[in-house]
file upload.tsv (TSV, C-alpha atoms)
chain	number	residue	atom	x	y	z
A	26	MET	CA	61.96	-51.82	22.61
A	27	MET	CA	58.17	-51.99	22.62
A	28	GLU	CA	56.64	-52.96	19.28
A	29	LEU	CA	53.61	-51.03	18.11
A	30	PRO	CA	50.61	-53.03	16.91
A	31	SER	CA	50.35	-53.69	13.19
A	32	PHE	CA	47.28	-52.42	11.37
A	33	SER	CA	48.56	-53.75	8.05
A	34	VAL	CA	46.45	-55.96	5.76
A	35	ALA	CA	49.04	-55.92	2.96
A	36	GLY	CA	49.10	-59.21	1.09
A	37	GLU	CA	45.90	-60.54	2.65
A	38	VAL	CA	43.12	-61.84	0.40
A	39	ALA	CA	39.60	-60.65	1.21
A	40	LEU	CA	36.11	-61.24	-0.12
A	41	VAL	CA	33.51	-58.51	0.47
A	42	THR	CA	29.84	-59.26	-0.19
A	43	GLY	CA	27.39	-56.62	-1.32
A	44	ALA	CA	30.34	-54.76	-2.81
A	45	SER	CA	28.74	-53.21	-5.87
A	46	SER	CA	27.73	-49.98	-4.11
A	47	GLY	CA	27.40	-48.14	-0.82
A	48	ILE	CA	29.09	-49.41	2.31
A	49	GLY	CA	30.28	-52.66	0.73
A	50	LEU	CA	32.01	-50.90	-2.15
A	51	HIS	CA	33.76	-48.49	0.20
A	52	LEU	CA	34.95	-51.28	2.49
A	53	ALA	CA	36.34	-53.17	-0.51
A	54	GLU	CA	38.13	-50.01	-1.64
A	55	VAL	CA	39.64	-49.48	1.81
A	56	LEU	CA	41.04	-53.01	1.95
A	57	ALA	CA	42.38	-52.84	-1.61
A	58	LEU	CA	44.07	-49.48	-1.14
A	59	ALA	CA	45.56	-50.74	2.13
A	60	GLY	CA	47.32	-53.49	0.21
A	61	ALA	CA	44.93	-56.44	0.37
A	62	LYS	CA	43.83	-58.32	-2.73
A	63	VAL	CA	40.05	-58.06	-2.78
A	64	ALA	CA	37.21	-59.96	-4.42
A	65	LEU	CA	34.19	-57.67	-4.85
A	66	ALA	CA	31.12	-59.91	-4.74
A	67	ALA	CA	27.52	-59.05	-5.57
A	68	ARG	CA	24.77	-59.94	-8.03
A	69	ARG	CA	25.40	-57.02	-10.43
A	70	ILE	CA	28.56	-58.05	-12.31
A	71	ASP	CA	28.45	-54.94	-14.53
A	72	ARG	CA	28.67	-52.66	-11.50
A	73	LEU	CA	31.40	-54.81	-9.98
A	74	GLU	CA	33.51	-54.56	-13.13
A	75	ALA	CA	33.21	-50.78	-13.13
A	76	ALA	CA	34.13	-50.65	-9.43
A	77	CYS	CA	37.16	-52.88	-9.97
A	78	ALA	CA	38.35	-50.73	-12.86
A	79	ALA	CA	38.28	-47.67	-10.60
A	80	ILE	CA	40.17	-49.50	-7.83
A	81	ARG	CA	42.84	-50.70	-10.26
A	82	GLU	CA	43.35	-47.15	-11.49
A	83	ARG	CA	44.29	-46.25	-7.92
A	84	GLY	CA	46.77	-49.13	-7.66
A	85	GLY	CA	44.59	-51.75	-5.96
A	86	THR	CA	44.33	-55.44	-6.81
A	87	CYS	CA	40.78	-56.72	-7.12
A	88	LEU	CA	38.46	-59.20	-8.79
A	89	PRO	CA	34.73	-58.96	-9.62
A	90	VAL	CA	32.82	-62.06	-8.54
A	91	ALA	CA	29.13	-62.63	-9.32
A	92	LEU	CA	27.44	-63.89	-6.15
A	93	ASP	CA	24.00	-64.32	-4.63
A	94	VAL	CA	24.59	-64.99	-0.92
A	95	THR	CA	21.41	-67.09	-0.73
A	96	ASP	CA	22.84	-69.58	-3.24
A	97	GLY	CA	24.96	-72.20	-1.46
A	98	LYS	CA	26.62	-73.57	-4.60
A	99	GLY	CA	27.31	-70.02	-5.76
A	100	ILE	CA	29.06	-69.26	-2.47
A	101	VAL	CA	31.42	-72.21	-2.86
A	102	ALA	CA	32.12	-71.21	-6.47
A	103	ALA	CA	32.87	-67.62	-5.42
A	104	LEU	CA	35.36	-68.75	-2.77
A	105	GLU	CA	37.07	-71.07	-5.25
A	106	ALA	CA	37.23	-68.35	-7.92
A	107	THR	CA	38.75	-65.90	-5.46
A	108	GLU	CA	41.47	-68.32	-4.38
A	109	ALA	CA	42.24	-69.31	-7.96
A	110	ARG	CA	42.77	-65.71	-9.04
A	111	LEU	CA	43.99	-63.90	-5.92
A	112	GLY	CA	45.50	-66.53	-3.63
A	113	PRO	CA	44.68	-67.96	-0.18
A	114	LEU	CA	41.67	-66.29	1.40
A	115	SER	CA	42.03	-64.87	4.89
A	116	ILE	CA	39.30	-62.21	5.31
A	117	LEU	CA	35.53	-62.29	4.80
A	118	VAL	CA	33.41	-59.15	5.10
A	119	ASN	CA	29.75	-60.11	5.41
A	120	ASN	CA	28.10	-56.94	4.16
A	121	ALA	CA	25.36	-58.02	1.71
A	122	GLY	CA	22.00	-56.72	2.83
A	123	VAL	CA	18.59	-55.49	1.74
A	124	VAL	CA	15.76	-53.68	3.49
A	125	VAL	CA	12.01	-53.46	2.89
A	126	SER	CA	10.33	-50.43	4.44
A	127	LYS	CA	6.58	-50.84	4.93
A	128	PRO	CA	4.12	-50.49	7.80
A	129	PHE	CA	3.97	-53.62	9.96
A	130	PHE	CA	0.64	-54.87	8.61
A	131	GLU	CA	1.74	-54.39	4.99
A	132	HIS	CA	4.92	-56.44	5.43
A	133	THR	CA	4.40	-59.69	3.53
A	134	GLU	CA	5.86	-63.14	4.04
A	135	GLU	CA	7.79	-62.63	0.80
A	136	ASP	CA	9.23	-59.36	2.15
A	137	TRP	CA	10.27	-61.11	5.35
A	138	ASP	CA	11.94	-64.00	3.56
A	139	HIS	CA	13.78	-61.71	1.13
A	140	VAL	CA	15.31	-59.61	3.91
A	141	VAL	CA	16.04	-62.36	6.44
A	142	ASP	CA	17.41	-64.75	3.81
A	143	THR	CA	19.82	-62.12	2.50
A	144	ASN	CA	20.90	-60.35	5.69
A	145	LEU	CA	20.98	-63.26	8.13
A	146	LYS	CA	20.85	-66.63	6.37
A	147	GLY	CA	23.20	-65.37	3.65
A	148	ALA	CA	25.73	-64.13	6.21
A	149	TRP	CA	25.59	-67.48	8.03
A	150	MET	CA	26.05	-69.43	4.80
A	151	MET	CA	28.97	-67.24	3.71
A	152	ALA	CA	30.68	-67.56	7.09
A	153	ARG	CA	30.09	-71.30	7.27
A	154	GLU	CA	31.62	-72.02	3.86
A	155	PHE	CA	34.48	-69.55	4.38
A	156	ALA	CA	35.32	-71.07	7.78
A	157	ARG	CA	34.97	-74.62	6.47
A	158	HIS	CA	37.39	-73.77	3.69
A	159	LEU	CA	39.96	-72.31	6.10
A	160	VAL	CA	39.71	-75.26	8.47
A	161	GLU	CA	40.26	-77.72	5.61
A	162	LYS	CA	43.33	-75.73	4.54
A	163	LYS	CA	44.53	-75.37	8.16
A	164	ARG	CA	44.66	-71.57	7.86
A	165	HIS	CA	43.53	-68.84	10.22
A	166	GLY	CA	41.40	-65.88	9.21
A	167	SER	CA	39.01	-63.10	10.13
A	168	ILE	CA	35.27	-62.65	9.56
A	169	VAL	CA	33.76	-59.18	9.90
A	170	ASN	CA	29.97	-59.03	9.99
A	171	ILE	CA	28.30	-55.72	9.17
A	172	ALA	CA	25.58	-55.41	11.78
A	173	SER	CA	23.69	-52.18	12.52
A	174	VAL	CA	22.68	-49.79	15.25
A	175	LEU	CA	19.31	-51.47	14.64
A	176	SER	CA	20.77	-54.73	15.93
A	177	THR	CA	19.98	-53.33	19.37
A	178	ARG	CA	17.62	-50.39	18.75
A	179	THR	CA	14.31	-50.20	16.91
A	180	ILE	CA	12.46	-48.05	14.42
A	181	ALA	CA	9.14	-48.49	12.66
A	182	ARG	CA	8.43	-50.02	9.23
A	183	VAL	CA	11.37	-52.45	9.01
A	184	PRO	CA	10.46	-55.50	11.16
A	185	SER	CA	12.35	-58.02	9.02
A	186	TYR	CA	15.49	-55.87	8.97
A	187	LEU	CA	15.37	-55.47	12.76
A	188	ALA	CA	15.06	-59.22	13.23
A	189	ALA	CA	17.82	-60.01	10.75
A	190	LYS	CA	20.34	-57.54	12.17
A	191	ALA	CA	19.59	-58.52	15.77
A	192	GLY	CA	20.04	-62.15	14.77
A	193	LEU	CA	23.30	-61.38	12.99
A	194	LEU	CA	24.75	-59.77	16.11
A	195	HIS	CA	23.87	-62.80	18.24
A	196	LEU	CA	25.16	-65.13	15.54
A	197	ASN	CA	28.41	-63.15	15.55
A	198	GLY	CA	29.01	-64.19	19.15
A	199	GLY	CA	28.05	-67.80	18.58
A	200	MET	CA	30.35	-68.15	15.58
A	201	ALA	CA	33.19	-66.48	17.48
A	202	MET	CA	32.85	-68.99	20.31
A	203	GLU	CA	32.90	-72.04	18.02
A	204	LEU	CA	35.54	-70.88	15.56
A	205	ALA	CA	38.09	-69.56	18.06
A	206	ARG	CA	39.63	-73.04	18.40
A	207	TYR	CA	40.53	-72.84	14.70
A	208	ASN	CA	42.08	-69.38	15.06
A	209	ILE	CA	39.27	-67.85	13.01
A	210	ARG	CA	38.20	-64.56	14.58
A	211	VAL	CA	34.62	-63.28	14.18
A	212	ASN	CA	33.78	-59.67	14.95
A	213	ALA	CA	31.19	-57.12	13.87
A	214	ILE	CA	30.82	-53.47	13.03
A	215	ALA	CA	27.51	-51.79	13.87
A	216	PRO	CA	27.15	-48.64	11.78
A	217	GLY	CA	24.61	-45.99	12.63
A	218	TYR	CA	22.78	-44.19	9.84
A	219	VAL	CA	25.31	-43.90	7.04
A	220	VAL	CA	24.63	-41.93	3.87
A	221	THR	CA	24.37	-44.11	0.75
A	222	ASP	CA	22.52	-43.80	-2.55
A	223	PHE	CA	19.68	-45.77	-0.99
A	224	ASN	CA	18.93	-43.40	1.90
A	225	ARG	CA	20.49	-40.09	0.83
A	226	ASP	CA	17.16	-38.42	0.02
A	227	PHE	CA	15.68	-39.34	3.40
A	228	LEU	CA	18.74	-38.30	5.39
A	229	MET	CA	18.83	-34.95	3.62
A	230	SER	CA	15.10	-34.40	4.22
A	231	GLU	CA	13.63	-32.49	7.16
A	232	ALA	CA	12.94	-35.76	8.99
A	233	GLY	CA	16.46	-36.99	8.35
A	234	LEU	CA	18.03	-33.77	9.58
A	235	LYS	CA	15.95	-33.98	12.78
A	236	LEU	CA	17.23	-37.51	13.28
A	237	ALA	CA	20.83	-36.38	12.81
A	238	ALA	CA	20.33	-33.61	15.37
A	239	ARG	CA	19.46	-36.23	18.00
A	240	VAL	CA	22.68	-38.19	17.45
A	241	PRO	CA	25.22	-37.13	20.12
A	242	MET	CA	27.80	-36.16	17.46
A	243	LYS	CA	25.06	-34.16	15.68
A	244	ARG	CA	25.48	-35.81	12.29
A	245	VAL	CA	24.85	-39.03	10.44
A	246	GLY	CA	27.74	-41.14	9.23
A	247	GLN	CA	29.62	-41.21	5.95
A	248	VAL	CA	31.04	-44.41	4.48
A	249	GLU	CA	34.51	-43.02	5.17
A	250	ASP	CA	33.79	-43.29	8.90
A	251	LEU	CA	33.83	-47.11	8.73
A	252	GLY	CA	37.27	-47.80	7.25
A	253	GLY	CA	39.26	-47.50	10.47
A	254	ALA	CA	37.15	-50.05	12.32
A	255	LEU	CA	37.39	-52.44	9.38
A	256	LEU	CA	41.19	-52.25	9.12
A	257	PHE	CA	41.50	-52.73	12.86
A	258	LEU	CA	39.35	-55.88	12.89
A	259	CYS	CA	41.07	-57.35	9.83
A	260	SER	CA	44.62	-56.66	11.01
A	261	PRO	CA	46.97	-58.15	13.62
A	262	ALA	CA	46.17	-55.18	15.86
A	263	SER	CA	42.97	-56.98	16.94
A	264	ALA	CA	44.56	-60.45	17.22
A	265	TYR	CA	43.07	-61.11	20.68
A	266	MET	CA	39.56	-59.93	19.77
A	267	THR	CA	36.71	-62.20	18.78
A	268	GLY	CA	32.98	-61.93	19.38
A	269	ALA	CA	33.21	-58.15	19.65
A	270	CYS	CA	31.04	-55.53	17.99
A	271	LEU	CA	32.36	-52.04	17.33
A	272	ALA	CA	29.67	-49.34	17.21
A	273	VAL	CA	30.47	-46.69	14.58
A	274	ASP	CA	27.41	-44.52	15.03
A	275	GLY	CA	28.30	-41.14	16.52
A	276	GLY	CA	26.96	-42.28	19.88
A	277	HIS	CA	23.52	-43.22	18.56
A	278	ALA	CA	23.38	-46.59	20.36
A	279	VAL	CA	23.95	-45.04	23.79
A	280	ALA	CA	21.74	-41.99	23.29
A	281	ALA	CA	18.22	-41.66	24.64
A	282	ILE	CA	16.63	-41.37	21.17

call {"tool": "encode", "arguments": {"input": "upload.tsv", "output": "structure tokens"}}
result
Amino acid sequence: MMELPSFSVAGEVALVTGASSGIGLHLAEVLALAGAKVALAARRIDRLEAACAAIRERGGTCLPVALDVTDGKGIVAALEATEARLGPLSILVNNAGVVVSKPFFEHTEEDWDHVVDTNLKGAWMMAREFARHLVEKKRHGSIVNIASVLSTRTIARVPSYLAAKAGLLHLNGGMAMELARYNIRVNAIAPGYVVTDFNRDFLMSEAGLKLAARVPMKRVGQVEDLGGALLFLCSPASAYMTGACLAVDGGHAVAAI
């Protein structure tokens, strides 16, 4: 009898960066409610504790972990704390990110460094230490990088974000190639415009509604749209996938907009 693929992450241990709000928080919730034990990592420990309390009320197992992804020693400490409390790590979701929106000539070197260091260098540092840890322990695992529709498309006012997300997508492939020999899979999700507290006002504005009308599916995304892709990439169902990027954008990336 043919066996159906397993989309289960029950019993896995995951660390999600940028998990105090928005997309990161939702992805952590999805993994926890699907049976994984999840470390929610971000700089705001007070928000993480509140998020973990809500997840536990729904039956999930989770741990708040204070983390700045630009701090190498902090990354190692976060991985060690997660293993000590939750067990052997197997999943990393590289979600931490920031954006600075300014006209090109007003973008400063400090703006550039803040965005690129968090979105690109931070993701590389997290993946490197996570993978190093798994190799030392002789364990396999999965890394999911949260890229963007802006990894391949462009808009005005966010040059550092464009560069960081384009770099992350290319890095995704390079890491996949090198880590495959260790049975560590590296894939990405490229969301389109997804409503969060950060962009809700814009997306509900006249300009935002015009943007949504140009997306083939005639709407912007909700965080709930991303959970299926995440579970797929973290589960045995995608066991022969590495270096891939799943667009979850309502067709934005292939539209002439």

call {"tool": "atom_distance", "arguments": {"input": "upload.tsv", "atom1": "atom CA of A:Val279", "atom2": "atom CA of A:Gly246"}}
result
15.5 Å

call {"tool": "closest_atom_pairs", "arguments": {"input": "upload.tsv", "of": "stretch 74-141 of chain A", "to": "stretch 198-215 of chain A", "cutoff": "10 Å", "atoms": "only C-alpha atoms", "output": "CSV"}}
result
residue,atom,partner,partner_atom,distance
A:Ser115,CA,A:Ile209,CA,9.1
A:Ile116,CA,A:Ile209,CA,9.5
A:Leu117,CA,A:Val211,CA,9.5
A:Val118,CA,A:Ala213,CA,9.3
A:Asn119,CA,A:Ala213,CA,9.1
A:Asn120,CA,A:Ile214,CA,9.9

call {"tool": "atom_distance", "arguments": {"input": "upload.tsv", "atom1": "atom CA of A:Asp142", "atom2": "atom CA of A:Gly43"}}
result
13.9 Å

call {"tool": "residues_around", "arguments": {"input": "upload.tsv", "residues": "A:Pro261", "least_positions_apart": "4", "cutoff": "9 Å", "atoms": "only C-alpha atoms", "output": "PyMOL selection string"}}
result
chain A and resi 30-34+257+265

call {"tool": "residues_around", "arguments": {"input": "upload.tsv", "residues": "A:Leu114", "least_positions_apart": "4", "cutoff": "12 Å", "atoms": "all atoms listed in the file", "output": "MDAnalysis selection string"}}
result
chainID A and resid 36:41 61:64 103:110 118 154:160 162:168 209

call {"tool": "residues_around", "arguments": {"input": "upload.tsv", "residues": "stretch 223-226 of chain A", "least_positions_apart": "2", "cutoff": "12 Å", "atoms": "all atoms listed in the file", "output": "short mmCIF file (atom, residue, chain, number, x, y, z; two decimals) with C-alpha atoms, keeping the file's coordinate frame"}}
result
data_model
loop_
_atom_site.label_atom_id
_atom_site.label_comp_id
_atom_site.auth_asym_id
_atom_site.auth_seq_id
_atom_site.Cartn_x
_atom_site.Cartn_y
_atom_site.Cartn_z
CA SER A 46 27.73 -49.98 -4.11
CA GLY A 47 27.40 -48.14 -0.82
CA ILE A 48 29.09 -49.41 2.31
CA GLY A 122 22.00 -56.72 2.83
CA VAL A 123 18.59 -55.49 1.74
CA VAL A 124 15.76 -53.68 3.49
CA VAL A 125 12.01 -53.46 2.89
CA SER A 126 10.33 -50.43 4.44
CA TYR A 218 22.78 -44.19 9.84
CA VAL A 219 25.31 -43.90 7.04
CA VAL A 220 24.63 -41.93 3.87
CA THR A 221 24.37 -44.11 0.75
CA LEU A 228 18.74 -38.30 5.39
CA MET A 229 18.83 -34.95 3.62
CA SER A 230 15.10 -34.40 4.22
CA GLU A 231 13.63 -32.49 7.16
CA ALA A 232 12.94 -35.76 8.99
CA GLY A 233 16.46 -36.99 8.35
CA LEU A 234 18.03 -33.77 9.58
CA VAL A 245 24.85 -39.03 10.44
CA GLY A 246 27.74 -41.14 9.23
CA GLN A 247 29.62 -41.21 5.95
CA VAL A 248 31.04 -44.41 4.48
#

call {"tool": "atom_distance", "arguments": {"input": "upload.tsv", "atom1": "atom CA of A:Leu271", "atom2": "atom CA of A:Glu249"}}
result
15.3 Å

call {"tool": "closest_residue", "arguments": {"input": "upload.tsv", "among": "A:Lys243, A:His277, A:Lys235, A:His51", "to": "A:Pro216", "atoms": "all atoms listed in the file"}}
result
A:His277

call {"tool": "residues_around", "arguments": {"input": "upload.tsv", "residues": "A:Ala57", "least_positions_apart": "3", "cutoff": "8 Å", "atoms": "only C-alpha atoms", "output": "PyMOL selection string"}}
result
chain A and resi 53-54+60-63+80+85-87

call {"tool": "closest_residue", "arguments": {"input": "upload.tsv", "among": "A:Ala75, A:Ala91, A:Val141, A:Met150", "to": "A:Ala188", "atoms": "all atoms listed in the file"}}
result
A:Val141

call {"tool": "residues_around", "arguments": {"input": "upload.tsv", "residues": "A:Ala280", "least_positions_apart": "6", "cutoff": "9 Å", "atoms": "all atoms listed in the file", "output": "PyMOL selection string"}}
result
chain A and resi 239-241

call {"tool": "closest_residue", "arguments": {"input": "upload.tsv", "among": "A:Arg153, A:Arg244, A:Arg178, A:His132", "to": "A:Ala278", "atoms": "only C-alpha atoms"}}
result
A:Arg178

call {"tool": "closest_residue", "arguments": {"input": "upload.tsv", "among": "A:Leu58, A:Asn197, A:Gly112, A:Ala269", "to": "A:Ala79", "atoms": "all atoms listed in the file"}}
result
A:Leu58

call {"tool": "axis_aligned_box", "arguments": {"input": "upload.tsv", "around": "stretch 55-58 of chain A", "padding_each_side": "3 Å", "output": "JSON"}}
result
{"center_x": 41.9, "center_y": -51.2, "center_z": 0.2, "size_x": 10.4, "size_y": 9.5, "size_z": 9.6}

call {"tool": "closest_residue", "arguments": {"input": "upload.tsv", "among": "A:Met26, A:Ala121, A:Val101, A:Ala264", "to": "A:Ala67", "atoms": "only C-alpha atoms"}}
result
A:Ala121

call {"tool": "closest_residue", "arguments": {"input": "upload.tsv", "among": "A:Leu236, A:Ala189, A:Val94, A:Val169", "to": "A:Val140", "atoms": "all atoms listed in the file"}}
result
A:Ala189
